$ cat model-v9.cif   # mmCIF, C-alpha atoms
data_upload
loop_
_atom_site.label_atom_id
_atom_site.label_comp_id
_atom_site.auth_asym_id
_atom_site.auth_seq_id
_atom_site.Cartn_x
_atom_site.Cartn_y
_atom_site.Cartn_z
CA MET A 1 67.15 126.38 125.69
CA ASP A 2 70.11 125.79 127.97
CA LYS A 3 73.00 128.17 128.53
CA LYS A 4 75.36 126.31 126.19
CA GLN A 5 72.87 126.43 123.34
CA LEU A 6 72.24 130.13 123.96
CA THR A 7 75.96 130.92 123.92
CA ARG A 8 76.31 128.95 120.72
CA GLN A 9 73.43 130.80 119.12
CA GLN A 10 74.87 134.15 120.18
CA ARG A 11 78.22 133.14 118.74
CA ARG A 12 76.64 132.19 115.44
CA SER A 13 74.71 135.47 115.34
CA ARG A 14 77.93 137.41 115.80
CA GLU A 15 79.61 135.34 113.11
CA LYS A 16 76.79 136.18 110.71
CA ILE A 17 77.32 139.87 111.43
CA VAL A 18 81.04 139.47 110.77
CA LEU A 19 80.28 137.79 107.44
CA ASP A 20 77.94 140.66 106.66
CA TYR A 21 80.74 143.10 107.58
CA LEU A 22 83.15 141.48 105.12
CA ASP A 23 80.51 141.64 102.39
CA ALA A 24 79.84 145.31 103.17
CA PHE A 25 83.57 146.04 103.13
CA GLU A 26 84.02 144.41 99.71
CA GLN A 27 80.96 146.17 98.32
CA ASP A 28 82.05 149.48 99.87
CA ASN A 29 78.67 149.75 101.53
CA SER A 30 79.36 152.62 103.93
CA GLU A 31 75.97 152.61 105.58
CA ARG A 32 76.09 148.95 106.43
CA LEU A 33 79.68 149.21 107.64
CA SER A 34 78.79 152.13 109.87
CA SER A 35 75.83 150.34 111.38
CA ILE A 36 77.87 147.21 112.06
CA LEU A 37 80.68 149.21 113.64
CA LYS A 38 78.14 151.04 115.82
CA LEU A 39 76.86 147.66 116.91
CA ALA A 40 80.42 146.55 117.64
CA GLU A 41 80.97 149.60 119.84
CA GLN A 42 78.33 148.19 122.14
CA ASP A 43 79.53 144.59 121.99
CA SER A 44 83.16 143.91 122.84
CA GLU A 45 83.03 140.29 121.67
CA LEU A 46 81.72 141.31 118.27
CA GLU A 47 84.28 144.08 118.11
CA SER A 48 87.15 141.68 118.87
CA LEU A 49 85.85 139.25 116.26
CA LEU A 50 85.60 141.95 113.58
CA TRP A 51 89.13 143.09 114.28
CA LYS A 52 90.73 139.64 114.17
CA VAL A 53 88.73 138.39 111.20
CA HIS A 54 89.42 141.53 109.17
CA ALA A 55 93.16 141.16 109.83
CA GLU A 56 93.01 137.48 108.80
CA TYR A 57 90.99 138.42 105.71
CA GLN A 58 93.78 140.71 104.54
CA ILE A 59 96.42 138.05 105.17
CA GLN A 60 94.49 135.61 103.00
CA GLN A 61 94.01 138.24 100.29
CA GLU A 62 97.76 138.84 100.22
CA ASP A 63 98.49 135.12 100.18
CA GLU A 64 96.15 134.67 97.24
CA GLN A 65 97.77 137.58 95.41
CA ARG A 66 101.14 136.01 95.98
CA GLU A 67 99.90 132.65 94.65
CA GLN A 68 98.74 134.40 91.49
CA ASP A 69 102.10 136.16 91.13
CA VAL A 70 103.95 132.85 91.55
CA GLU A 71 101.78 131.23 88.90
CA ARG A 72 102.29 134.17 86.53
CA VAL A 73 106.07 134.02 86.95
CA ARG A 74 105.99 130.28 86.39
CA GLN A 75 104.04 130.74 83.16
CA LEU A 76 106.44 133.43 81.96
CA ILE A 77 109.44 131.21 82.67
CA GLN A 78 107.86 128.34 80.79
CA GLN A 79 106.89 130.59 77.93
CA HIS A 80 110.33 132.08 77.42
CA VAL A 81 112.44 129.01 77.99
CA PRO A 82 112.84 127.18 74.66
CA SER A 83 112.41 123.40 74.56
CA GLY A 84 112.89 121.18 71.49
CA LEU A 85 111.78 117.68 72.46
CA ARG A 86 108.83 116.15 74.20
CA LYS A 87 108.74 116.95 77.92
CA GLU A 88 108.43 113.32 79.08
CA ARG A 89 111.81 112.33 77.63
CA ASP A 90 113.50 115.36 79.21
CA GLU A 91 111.99 114.76 82.61
CA GLU A 92 113.25 111.18 82.70
CA GLU A 93 116.83 112.40 82.46
CA ILE A 94 116.59 115.10 85.14
CA PRO A 95 115.16 113.63 88.35
CA LEU A 96 112.10 115.19 89.94
CA LEU A 97 112.73 117.65 92.75
CA THR A 98 112.13 116.52 96.29
CA VAL A 99 111.51 118.24 99.60
CA SER A 100 115.11 117.54 100.68
CA ASP A 101 116.39 119.38 97.57
CA VAL A 102 114.53 122.51 98.61
CA ILE A 103 115.64 122.23 102.24
CA ALA A 104 119.26 121.84 101.10
CA HIS A 105 118.92 124.92 98.88
CA ILE A 106 117.53 127.05 101.70
CA GLN A 107 120.30 125.86 103.97
CA ALA A 108 122.96 126.60 101.36
CA GLU A 109 121.62 130.08 100.72
CA SER A 110 121.67 130.74 104.48
CA VAL A 111 118.62 132.86 104.09
CA ALA A 112 117.31 132.15 107.52
CA LYS A 113 118.76 134.12 110.41
CA GLY A 114 118.01 134.45 114.09
CA GLU A 115 114.75 132.76 115.05
CA ASN A 116 114.23 131.36 111.57
CA ALA A 117 117.62 129.62 111.70
CA LYS A 118 116.30 127.72 114.70
CA GLU A 119 113.17 126.72 112.84
CA LEU A 120 115.19 125.84 109.76
CA SER A 121 117.54 123.57 111.66
CA GLY A 122 114.48 121.77 113.07
CA LEU A 123 113.13 121.35 109.55
CA VAL A 124 116.49 120.15 108.25
CA GLN A 125 116.67 117.50 110.92
CA HIS A 126 113.21 116.32 110.05
CA LEU A 127 113.27 116.50 106.25
CA ARG A 128 116.85 116.46 104.98
CA HIS A 129 116.47 112.88 103.72
CA SER A 130 112.89 113.25 102.55
CA THR A 131 112.33 111.79 99.08
CA PHE A 132 108.82 113.27 98.98
CA LYS A 133 108.35 114.75 95.51
CA LEU A 134 107.45 118.42 95.23
CA PRO A 135 103.83 119.01 94.24
CA LYS A 136 102.91 120.91 91.06
CA ASN A 137 101.64 123.81 93.10
CA VAL A 138 104.47 125.28 95.12
CA GLY A 139 102.65 128.49 95.93
CA LEU A 140 101.80 129.15 99.57
CA LEU A 141 98.66 127.02 99.53
CA GLY A 142 100.48 124.12 97.91
CA VAL A 143 103.32 124.38 100.41
CA ARG A 144 100.89 124.51 103.30
CA LYS A 145 99.20 121.33 102.05
CA LEU A 146 102.59 119.69 101.55
CA PHE A 147 103.68 120.36 105.12
CA ALA A 148 100.32 119.15 106.39
CA GLU A 149 100.87 115.89 104.49
CA LEU A 150 104.38 115.59 105.90
CA GLY A 151 103.02 116.22 109.38
CA VAL A 152 105.27 119.22 109.92
CA GLN A 153 104.26 122.51 111.49
CA THR A 154 105.97 125.60 110.14
CA SER A 155 105.64 129.35 110.41
CA LYS A 156 104.24 131.41 107.55
CA HIS A 157 107.69 132.91 106.99
CA MET A 158 109.27 129.48 106.58
CA GLN A 159 106.47 128.48 104.21
CA ARG A 160 107.26 131.55 102.10
CA LEU A 161 110.97 130.73 102.09
CA PHE A 162 110.21 127.19 101.03
CA SER A 163 107.86 128.36 98.28
CA GLU A 164 110.43 130.81 96.88
CA ALA A 165 113.24 128.25 96.99
CA ALA A 166 111.06 125.63 95.31
CA LEU A 167 110.20 128.04 92.53
CA ILE A 168 113.87 128.83 91.94
CA LEU A 169 114.79 125.15 91.76
CA ILE A 170 111.88 124.35 89.45
CA SER A 171 112.84 127.16 87.07
CA ARG A 172 116.44 125.90 87.04
CA ARG A 173 115.24 122.39 86.32
CA ASP A 174 113.02 123.64 83.51
CA ARG A 175 115.98 125.57 82.09
CA GLY A 176 118.13 122.46 82.38
CA ILE A 177 115.54 120.40 80.55
CA ALA A 178 115.28 123.01 77.83
CA GLN A 179 119.06 123.15 77.45
CA MET A 180 119.26 119.39 77.24
CA ALA A 181 116.54 119.37 74.65
CA ALA A 182 118.35 122.00 72.61
CA THR A 183 121.65 120.10 72.93
CA ARG A 184 120.02 116.86 71.94
CA LYS A 185 118.46 118.52 68.93
CA GLN A 186 121.85 119.88 67.89
CA ARG A 187 123.44 116.43 68.29
CA GLU A 188 120.74 114.80 66.23
CA GLU A 189 121.08 117.37 63.51
CA ALA A 190 124.86 116.87 63.49
CA ARG A 191 124.39 113.07 63.38
CA ALA A 192 121.92 113.37 60.51
CA ALA A 193 124.34 115.60 58.64
CA LYS A 194 127.22 113.14 59.29
CA GLN A 195 125.19 110.14 58.09
CA SER A 196 124.61 111.75 54.74
CA LYS A 197 128.47 112.16 54.24
CA PRO A 198 130.03 108.62 54.81
CA GLN A 199 128.45 107.24 51.53
CA SER A 200 130.67 109.43 49.46
CA ASP A 201 133.75 108.31 51.52
CA ASP A 202 132.88 104.63 51.01
CA ASP A 203 132.54 105.16 47.36
CA LYS A 204 135.99 106.72 47.32
CA GLU A 205 137.60 103.72 49.08
CA GLN A 206 136.10 101.26 46.68
CA MET B 1 107.46 151.61 118.78
CA GLU B 2 109.75 154.37 117.43
CA GLU B 3 107.19 155.12 114.82
CA SER B 4 104.37 155.43 117.33
CA ARG B 5 106.46 157.81 119.48
CA ALA B 6 107.11 159.95 116.43
CA MET B 7 103.39 159.91 115.68
CA HIS B 8 102.70 160.93 119.26
CA ARG B 9 105.03 163.90 119.03
CA SER B 10 103.55 164.84 115.69
CA ALA B 11 100.04 164.61 117.12
CA GLN B 12 100.97 166.80 120.03
CA SER B 13 102.64 169.43 117.92
CA GLY B 14 99.96 169.22 115.25
CA SER B 15 97.01 169.31 117.60
CA GLY B 16 97.25 171.90 120.31
CA ASP B 17 93.96 170.46 121.50
CA LEU B 18 95.68 167.54 123.14
CA LYS B 19 94.96 168.04 126.83
CA ASN B 20 95.66 164.66 128.30
CA ALA B 21 99.07 163.20 127.41
CA GLU B 22 98.06 159.97 129.16
CA ASP B 23 95.34 159.42 126.55
CA ALA B 24 97.91 159.59 123.77
CA ILE B 25 100.18 157.19 125.62
CA LEU B 26 97.29 154.73 126.12
CA LEU B 27 96.41 154.96 122.48
CA GLU B 28 100.02 154.54 121.47
CA GLN B 29 100.28 151.45 123.63
CA PHE B 30 97.15 149.99 122.12
CA VAL B 31 98.36 150.67 118.58
CA GLY B 32 101.71 149.13 119.43
CA ASP B 33 100.13 146.01 120.90
CA GLU B 34 97.78 145.54 117.98
CA ALA B 35 100.25 146.66 115.30
CA ALA B 36 100.23 143.50 113.18
CA SER B 37 96.43 143.23 112.99
CA LEU B 38 95.97 146.96 112.53
CA MET B 39 98.49 147.10 109.70
CA GLY B 40 96.76 144.18 107.98
CA ILE B 41 93.43 145.95 108.20
CA LEU B 42 94.89 149.23 106.96
CA ARG B 43 96.50 147.44 104.02
CA SER B 44 93.06 146.10 103.13
CA TYR B 45 91.74 149.68 103.13
CA VAL B 46 94.62 150.80 100.94
CA VAL B 47 93.78 148.07 98.42
CA ARG B 48 90.03 148.49 98.69
CA TYR B 49 90.09 152.25 98.18
CA GLN B 50 92.95 152.12 95.67
CA LEU B 51 95.13 154.49 97.63
CA THR B 52 98.18 153.39 95.70
CA GLY B 53 98.61 152.24 92.13
CA ARG B 54 101.44 149.82 92.84
CA ASN B 55 101.49 146.64 94.92
CA GLU B 56 104.93 147.34 96.32
CA ASN B 57 103.72 150.63 97.83
CA ILE B 58 100.83 149.13 99.77
CA GLN B 59 102.78 148.83 103.02
CA GLU B 60 104.00 152.40 102.68
CA ALA B 61 100.51 153.69 102.01
CA ALA B 62 99.21 151.70 104.97
CA LEU B 63 101.84 153.29 107.24
CA GLU B 64 100.79 156.70 106.02
CA LEU B 65 97.18 155.84 106.75
CA LEU B 66 98.18 154.59 110.20
CA HIS B 67 99.81 157.92 110.86
CA GLU B 68 96.66 159.78 109.94
CA VAL B 69 94.40 157.46 111.90
CA TYR B 70 96.60 157.89 114.94
CA ILE B 71 96.56 161.69 114.70
CA LYS B 72 92.79 161.73 114.25
CA ALA B 73 92.35 159.32 117.14
CA THR B 74 94.57 161.29 119.52
CA LYS B 75 92.67 164.48 118.71
CA SER B 76 89.33 162.92 119.56
CA PHE B 77 90.37 160.42 122.20
CA ALA B 78 89.35 162.75 125.00
CA LYS B 79 85.74 162.60 123.77
CA PHE B 80 85.81 158.83 123.36
CA ASP B 81 83.81 156.86 125.91
CA ARG B 82 86.45 154.66 127.49
CA SER B 83 83.91 152.06 128.57
CA ARG B 84 83.31 151.19 124.92
CA PRO B 85 85.55 148.94 122.89
CA ILE B 86 88.24 150.88 121.10
CA ARG B 87 88.82 148.72 118.02
CA ALA B 88 85.44 149.42 116.39
CA TRP B 89 86.02 153.13 116.94
CA LEU B 90 89.46 152.92 115.32
CA LEU B 91 88.04 150.91 112.42
CA GLY B 92 85.51 153.68 111.87
CA ILE B 93 88.23 156.33 111.87
CA ALA B 94 90.40 154.25 109.52
CA ARG B 95 87.54 153.81 107.10
CA ASN B 96 86.71 157.52 107.11
CA GLU B 97 90.35 158.47 106.61
CA ALA B 98 90.70 155.99 103.75
CA GLN B 99 87.56 157.33 102.07
CA ASP B 100 88.78 160.92 102.50
CA LYS B 101 92.09 160.02 100.93
CA GLN B 102 90.33 158.30 98.09
CA THR B 103 88.23 161.41 97.50
CA ALA B 104 91.34 163.57 97.63
CA LEU B 105 92.99 161.29 95.07
CA GLY B 106 89.98 161.95 92.89
CA LYS B 107 89.13 158.31 92.60
CA ARG B 108 85.84 158.27 94.46
CA LYS B 109 83.45 156.30 92.32
CA GLN B 110 79.99 157.66 91.88
CA ASN B 111 78.37 155.15 94.08
CA GLU B 112 76.73 157.43 96.61
CA THR B 113 73.13 156.43 96.34
CA LEU B 114 70.15 158.60 96.98
CA MET B 115 68.36 157.64 100.16
CA CYS B 116 65.46 156.16 98.24
CA ASP B 117 67.81 154.13 96.05
CA PHE B 118 69.69 153.03 99.13
CA ARG B 119 66.49 151.98 100.84
CA GLN B 120 65.50 150.00 97.75
CA GLN B 121 68.98 148.50 97.59
CA THR B 122 68.83 147.58 101.27
CA GLN B 123 65.46 145.97 100.78
CA ASP B 124 66.76 144.00 97.82
CA SER B 125 69.89 143.04 99.64
CA ASP B 126 67.87 142.02 102.69
CA GLU B 127 65.81 139.78 100.45
CA ASP B 128 68.92 138.28 98.91
CA GLU B 129 70.93 138.79 102.04
CA ASP B 130 71.55 135.13 102.48
CA PRO B 131 70.21 133.37 99.40
CA LEU B 132 72.09 130.27 100.46
CA GLU B 133 70.43 129.93 103.81
CA ARG B 134 67.07 130.71 102.22
CA LEU B 135 67.72 127.98 99.71
CA PHE B 136 68.57 125.39 102.33
CA ALA B 137 65.84 126.45 104.72
CA ALA B 138 62.99 126.31 102.21
CA ASP B 139 60.90 123.62 103.85
CA ASN B 140 57.34 124.85 103.49
CA THR B 141 57.22 125.00 99.70
CA SER B 142 55.45 123.10 96.98
CA PRO B 143 56.96 119.82 95.75
CA GLU B 144 57.84 121.47 92.42
CA ARG B 145 59.67 124.24 94.19
CA GLN B 146 61.46 121.73 96.38
CA THR B 147 62.64 119.84 93.28
CA GLU B 148 63.85 123.10 91.82
CA ILE B 149 65.71 123.89 95.02
CA ARG B 150 67.32 120.46 95.10
CA GLU B 151 68.51 120.96 91.53
CA GLN B 152 69.91 124.36 92.39
CA ILE B 153 71.78 122.96 95.37
CA THR B 154 73.16 120.07 93.30
CA TYR B 155 74.28 122.49 90.62
CA LEU B 156 75.82 124.82 93.19
CA PHE B 157 77.78 122.06 94.87
CA SER B 158 78.99 120.73 91.54
CA GLN B 159 80.49 124.13 90.70
CA LEU B 160 82.24 124.68 94.02
CA SER B 161 85.72 123.51 94.93
CA ASP B 162 85.98 120.65 97.46
CA GLU B 163 87.10 123.07 100.13
CA TYR B 164 84.22 125.50 99.70
CA ARG B 165 81.68 122.74 99.37
CA SER B 166 82.86 121.28 102.63
CA VAL B 167 82.79 124.63 104.43
CA LEU B 168 79.24 125.39 103.30
CA ARG B 169 77.97 121.95 104.14
CA LEU B 170 79.39 122.24 107.66
CA TRP B 171 78.01 125.75 108.21
CA ILE B 172 74.60 125.54 106.57
CA VAL B 173 73.62 121.89 106.61
CA GLU B 174 75.27 120.77 109.82
CA GLY B 175 74.83 124.16 111.49
CA LEU B 176 78.30 124.33 113.03
CA ASP B 177 79.52 127.58 114.52
CA GLY B 178 82.92 129.11 113.80
CA THR B 179 84.77 127.25 116.52
CA GLU B 180 83.44 123.88 115.42
CA LEU B 181 84.10 124.77 111.79
CA ALA B 182 87.72 125.63 112.58
CA GLU B 183 88.14 122.33 114.38
CA LYS B 184 86.77 120.36 111.44
CA LEU B 185 88.88 122.26 108.92
CA GLY B 186 92.02 122.12 111.05
CA CYS B 187 92.63 125.85 110.96
CA THR B 188 92.30 128.90 113.21
CA TYR B 189 88.93 130.33 114.08
CA GLU B 190 89.51 133.53 112.08
CA ASN B 191 90.76 131.52 109.12
CA ALA B 192 87.58 129.45 109.16
CA ILE B 193 85.35 132.55 109.14
CA VAL B 194 87.23 134.07 106.21
CA ARG B 195 87.04 130.80 104.28
CA LEU B 196 83.31 130.70 104.95
CA HIS B 197 82.97 134.26 103.66
CA ARG B 198 84.79 133.31 100.46
CA ALA B 199 82.72 130.17 100.01
CA LYS B 200 79.50 132.14 100.40
CA LYS B 201 80.72 134.81 98.02
CA GLN B 202 81.54 132.29 95.35
CA SER B 203 78.20 130.56 95.88
CA ARG B 204 76.30 133.80 95.41
CA THR B 205 78.18 134.40 92.17
CA ILE B 206 77.37 130.90 90.94
CA LEU B 207 73.70 131.22 91.85
CA ALA B 208 73.47 134.69 90.30
CA THR B 209 75.07 133.43 87.08
CA GLU B 210 72.78 130.44 86.98
CA LYS B 211 69.74 132.64 87.59
CA GLY B 212 70.85 135.08 84.91
CA GLY B 213 71.45 132.24 82.48
CA GLY B 214 68.04 130.81 83.22
CA ASN B 215 66.33 134.13 82.61
CA GLY B 216 68.41 134.99 79.58
#
$ encode --input "model-v9.cif" --output "structure tokens"
Amino acid sequence: MDKKQLTRQQRRSREKIVLDYLDAFEQDNSERLSSILKLAEQDSELESLLWKVHAEYQIQQEDEQREQDVERVRQLIQQHVPSGLRKERDEEEIPLLTVSDVIAHIQAESVAKGENAKELSGLVQHLRHSTFKLPKNVGLLGVRKLFAELGVQTSKHMQRLFSEAALILISRRDRGIAQMAATRKQREEARAAKQSKPQSDDDKEQ
Amino acid sequence: MEESRAMHRSAQSGSGDLKNAEDAILLEQFVGDEAASLMGILRSYVVRYQLTGRNENIQEAALELLHEVYIKATKSFAKFDRSRPIRAWLLGIARNEAQDKQTALGKRKQNETLMCDFRQQTQDSDEDEDPLERLFAADNTSPERQTEIREQITYLFSQLSDEYRSVLRLWIVEGLDGTELAEKLGCTYENAIVRLHRAKKQSRTILATEKGGGNG
């Protein structure tokens, strides 16, 4: 076995221990955690790996939690916003949201300051005319995928800003659709009521 | 930085055992340099050990835990063998502090096993330690068993998301290491390892459910 293969095998062994560590952490297996940490005290590479992977693990847990919260809020908004007509007809009248809509909103709200303003102005330059439609999932994962598709690199903070702004615009659009549906329903009811009256007027004229 | 200085002063005044101020400064510097990662890890302990009932207080609880870890660390830093890596040592302290807090909050679950139970558990878990890799590595088995294994793998892959399927295929079948995995997935090395962990976790759940369903 050559040196490269040996290094690779050692790396994989350490990675297996790290995976074991995450399992032990989730299962609250104190004994296993202790033994792995003791091992790490003798192996600085393993120790560094544990530290960085554990930190990344928590970031992903928090991102996932946030995704779930976004989805829950979205469901609540949809649940409590009344709509009278079929969704397809409403959506034809109000155009779908695009990436440039969200960028314009963030810019208008002037949320970004300092370093983020720099990043935002870069994004604006790149995407202000983008007609790319927003995906259904505008949680962090969805936004990450979107930016990957657009070929744009952004910081996690900017991704969060984008996700929040997209959610706000989507909820406004949903409200707008619901209001239009309610208005349309009212108009139709008024028209139906009016149509039943003119017969009596015609009769009178004759 | 302000916070760590305050912690330092608190450790000094609280301890009385603190002989070497340089140790505390070194520790403070380390904590400062690794603040983001350390805070992430401490937040995971706060969540894991349920040290707060509300999501919005997690950061606060993590800061409190950091404070306690720092004080504990400064008190025992003099005894710490400086040639050894410090992070693992700090992780150990953090875990102990989090468990102590959990006990104090009265939320410690009754999951302390007797040694014999633990040994049995360890044996069982060693057997099932990596059911996935056992599944994929089962070469010297009977043809019937191999068919069964193929069916299990097909079922498993059908239940997994595209992402997790891909991660497992790259790790187990193609035998990539973390660096290669990260390159294929287009993410950081740490991100790839965590994704792999999640994929394996979900796979174990799927296999356990399937096994339970088969036996039930």
$ resolve_selection --input "model-v9.cif" --expression "the PyMOL selection byres ((chain A) within 10 of (chain B))" --output "MDAnalysis selection string"
chainID A and resid 8:16 18:23 25:34 36:62 65 148
$ write_last_selection --input "model-v9.cif" --atoms "C-alpha atoms" --output "tab-separated table (two decimals), in the coordinates of the input"
chain	number	residue	atom	x	y	z
A	8	ARG	CA	76.31	128.95	120.72
A	9	GLN	CA	73.43	130.80	119.12
A	10	GLN	CA	74.87	134.15	120.18
A	11	ARG	CA	78.22	133.14	118.74
A	12	ARG	CA	76.64	132.19	115.44
A	13	SER	CA	74.71	135.47	115.34
A	14	ARG	CA	77.93	137.41	115.80
A	15	GLU	CA	79.61	135.34	113.11
A	16	LYS	CA	76.79	136.18	110.71
A	18	VAL	CA	81.04	139.47	110.77
A	19	LEU	CA	80.28	137.79	107.44
A	20	ASP	CA	77.94	140.66	106.66
A	21	TYR	CA	80.74	143.10	107.58
A	22	LEU	CA	83.15	141.48	105.12
A	23	ASP	CA	80.51	141.64	102.39
A	25	PHE	CA	83.57	146.04	103.13
A	26	GLU	CA	84.02	144.41	99.71
A	27	GLN	CA	80.96	146.17	98.32
A	28	ASP	CA	82.05	149.48	99.87
A	29	ASN	CA	78.67	149.75	101.53
A	30	SER	CA	79.36	152.62	103.93
A	31	GLU	CA	75.97	152.61	105.58
A	32	ARG	CA	76.09	148.95	106.43
A	33	LEU	CA	79.68	149.21	107.64
A	34	SER	CA	78.79	152.13	109.87
A	36	ILE	CA	77.87	147.21	112.06
A	37	LEU	CA	80.68	149.21	113.64
A	38	LYS	CA	78.14	151.04	115.82
A	39	LEU	CA	76.86	147.66	116.91
A	40	ALA	CA	80.42	146.55	117.64
A	41	GLU	CA	80.97	149.60	119.84
A	42	GLN	CA	78.33	148.19	122.14
A	43	ASP	CA	79.53	144.59	121.99
A	44	SER	CA	83.16	143.91	122.84
A	45	GLU	CA	83.03	140.29	121.67
A	46	LEU	CA	81.72	141.31	118.27
A	47	GLU	CA	84.28	144.08	118.11
A	48	SER	CA	87.15	141.68	118.87
A	49	LEU	CA	85.85	139.25	116.26
A	50	LEU	CA	85.60	141.95	113.58
A	51	TRP	CA	89.13	143.09	114.28
A	52	LYS	CA	90.73	139.64	114.17
A	53	VAL	CA	88.73	138.39	111.20
A	54	HIS	CA	89.42	141.53	109.17
A	55	ALA	CA	93.16	141.16	109.83
A	56	GLU	CA	93.01	137.48	108.80
A	57	TYR	CA	90.99	138.42	105.71
A	58	GLN	CA	93.78	140.71	104.54
A	59	ILE	CA	96.42	138.05	105.17
A	60	GLN	CA	94.49	135.61	103.00
A	61	GLN	CA	94.01	138.24	100.29
A	62	GLU	CA	97.76	138.84	100.22
A	65	GLN	CA	97.77	137.58	95.41
A	148	ALA	CA	100.32	119.15	106.39
$ atom_distance --input "model-v9.cif" --atom1 "CA of Ala94 (chain B)" --atom2 "CA of Val69 (chain B)"
5.7 Å
$ atom_distance --input "model-v9.cif" --atom1 "CA of Ile25 (chain B)" --atom2 "CA of Ile71 (chain B)"
12.4 Å
$ atom_distance --input "model-v9.cif" --atom1 "CA of Glu144 (chain B)" --atom2 "CA of Tyr164 (chain B)"
27.7 Å
$ residues_around --input "model-v9.cif" --residues "region 153-169 of chain A" --least-positions-apart "4" --cutoff "10 Å" --atoms "all atoms listed in the file" --output "JSON list (two decimals) with C-alpha atoms, in the frame of the given file"
[["chain", "number", "residue", "atom", "x", "y", "z"],
["A", 63, "ASP", "CA", 98.49, 135.12, 100.18],
["A", 66, "ARG", "CA", 101.14, 136.01, 95.98],
["A", 67, "GLU", "CA", 99.90, 132.65, 94.65],
["A", 70, "VAL", "CA", 103.95, 132.85, 91.55],
["A", 71, "GLU", "CA", 101.78, 131.23, 88.90],
["A", 73, "VAL", "CA", 106.07, 134.02, 86.95],
["A", 74, "ARG", "CA", 105.99, 130.28, 86.39],
["A", 97, "LEU", "CA", 112.73, 117.65, 92.75],
["A", 98, "THR", "CA", 112.13, 116.52, 96.29],
["A", 99, "VAL", "CA", 111.51, 118.24, 99.60],
["A", 101, "ASP", "CA", 116.39, 119.38, 97.57],
["A", 102, "VAL", "CA", 114.53, 122.51, 98.61],
["A", 103, "ILE", "CA", 115.64, 122.23, 102.24],
["A", 104, "ALA", "CA", 119.26, 121.84, 101.10],
["A", 105, "HIS", "CA", 118.92, 124.92, 98.88],
["A", 106, "ILE", "CA", 117.53, 127.05, 101.70],
["A", 109, "GLU", "CA", 121.62, 130.08, 100.72],
["A", 111, "VAL", "CA", 118.62, 132.86, 104.09],
["A", 112, "ALA", "CA", 117.31, 132.15, 107.52],
["A", 116, "ASN", "CA", 114.23, 131.36, 111.57],
["A", 117, "ALA", "CA", 117.62, 129.62, 111.70],
["A", 119, "GLU", "CA", 113.17, 126.72, 112.84],
["A", 120, "LEU", "CA", 115.19, 125.84, 109.76],
["A", 122, "GLY", "CA", 114.48, 121.77, 113.07],
["A", 123, "LEU", "CA", 113.13, 121.35, 109.55],
["A", 134, "LEU", "CA", 107.45, 118.42, 95.23],
["A", 135, "PRO", "CA", 103.83, 119.01, 94.24],
["A", 137, "ASN", "CA", 101.64, 123.81, 93.10],
["A", 138, "VAL", "CA", 104.47, 125.28, 95.12],
["A", 139, "GLY", "CA", 102.65, 128.49, 95.93],
["A", 140, "LEU", "CA", 101.80, 129.15, 99.57],
["A", 141, "LEU", "CA", 98.66, 127.02, 99.53],
["A", 142, "GLY", "CA", 100.48, 124.12, 97.91],
["A", 143, "VAL", "CA", 103.32, 124.38, 100.41],
["A", 144, "ARG", "CA", 100.89, 124.51, 103.30],
["A", 146, "LEU", "CA", 102.59, 119.69, 101.55],
["A", 147, "PHE", "CA", 103.68, 120.36, 105.12],
["A", 148, "ALA", "CA", 100.32, 119.15, 106.39],
["A", 173, "ARG", "CA", 115.24, 122.39, 86.32],
["A", 174, "ASP", "CA", 113.02, 123.64, 83.51],
["A", 175, "ARG", "CA", 115.98, 125.57, 82.09]]
$ resolve_selection --input "model-v9.cif" --expression "the PyMOL selection byres ((chain A and resi 78-82) around 12)" --output "number ranges by chain"
A: 71-77, 83-87, 167, 170-183, 185
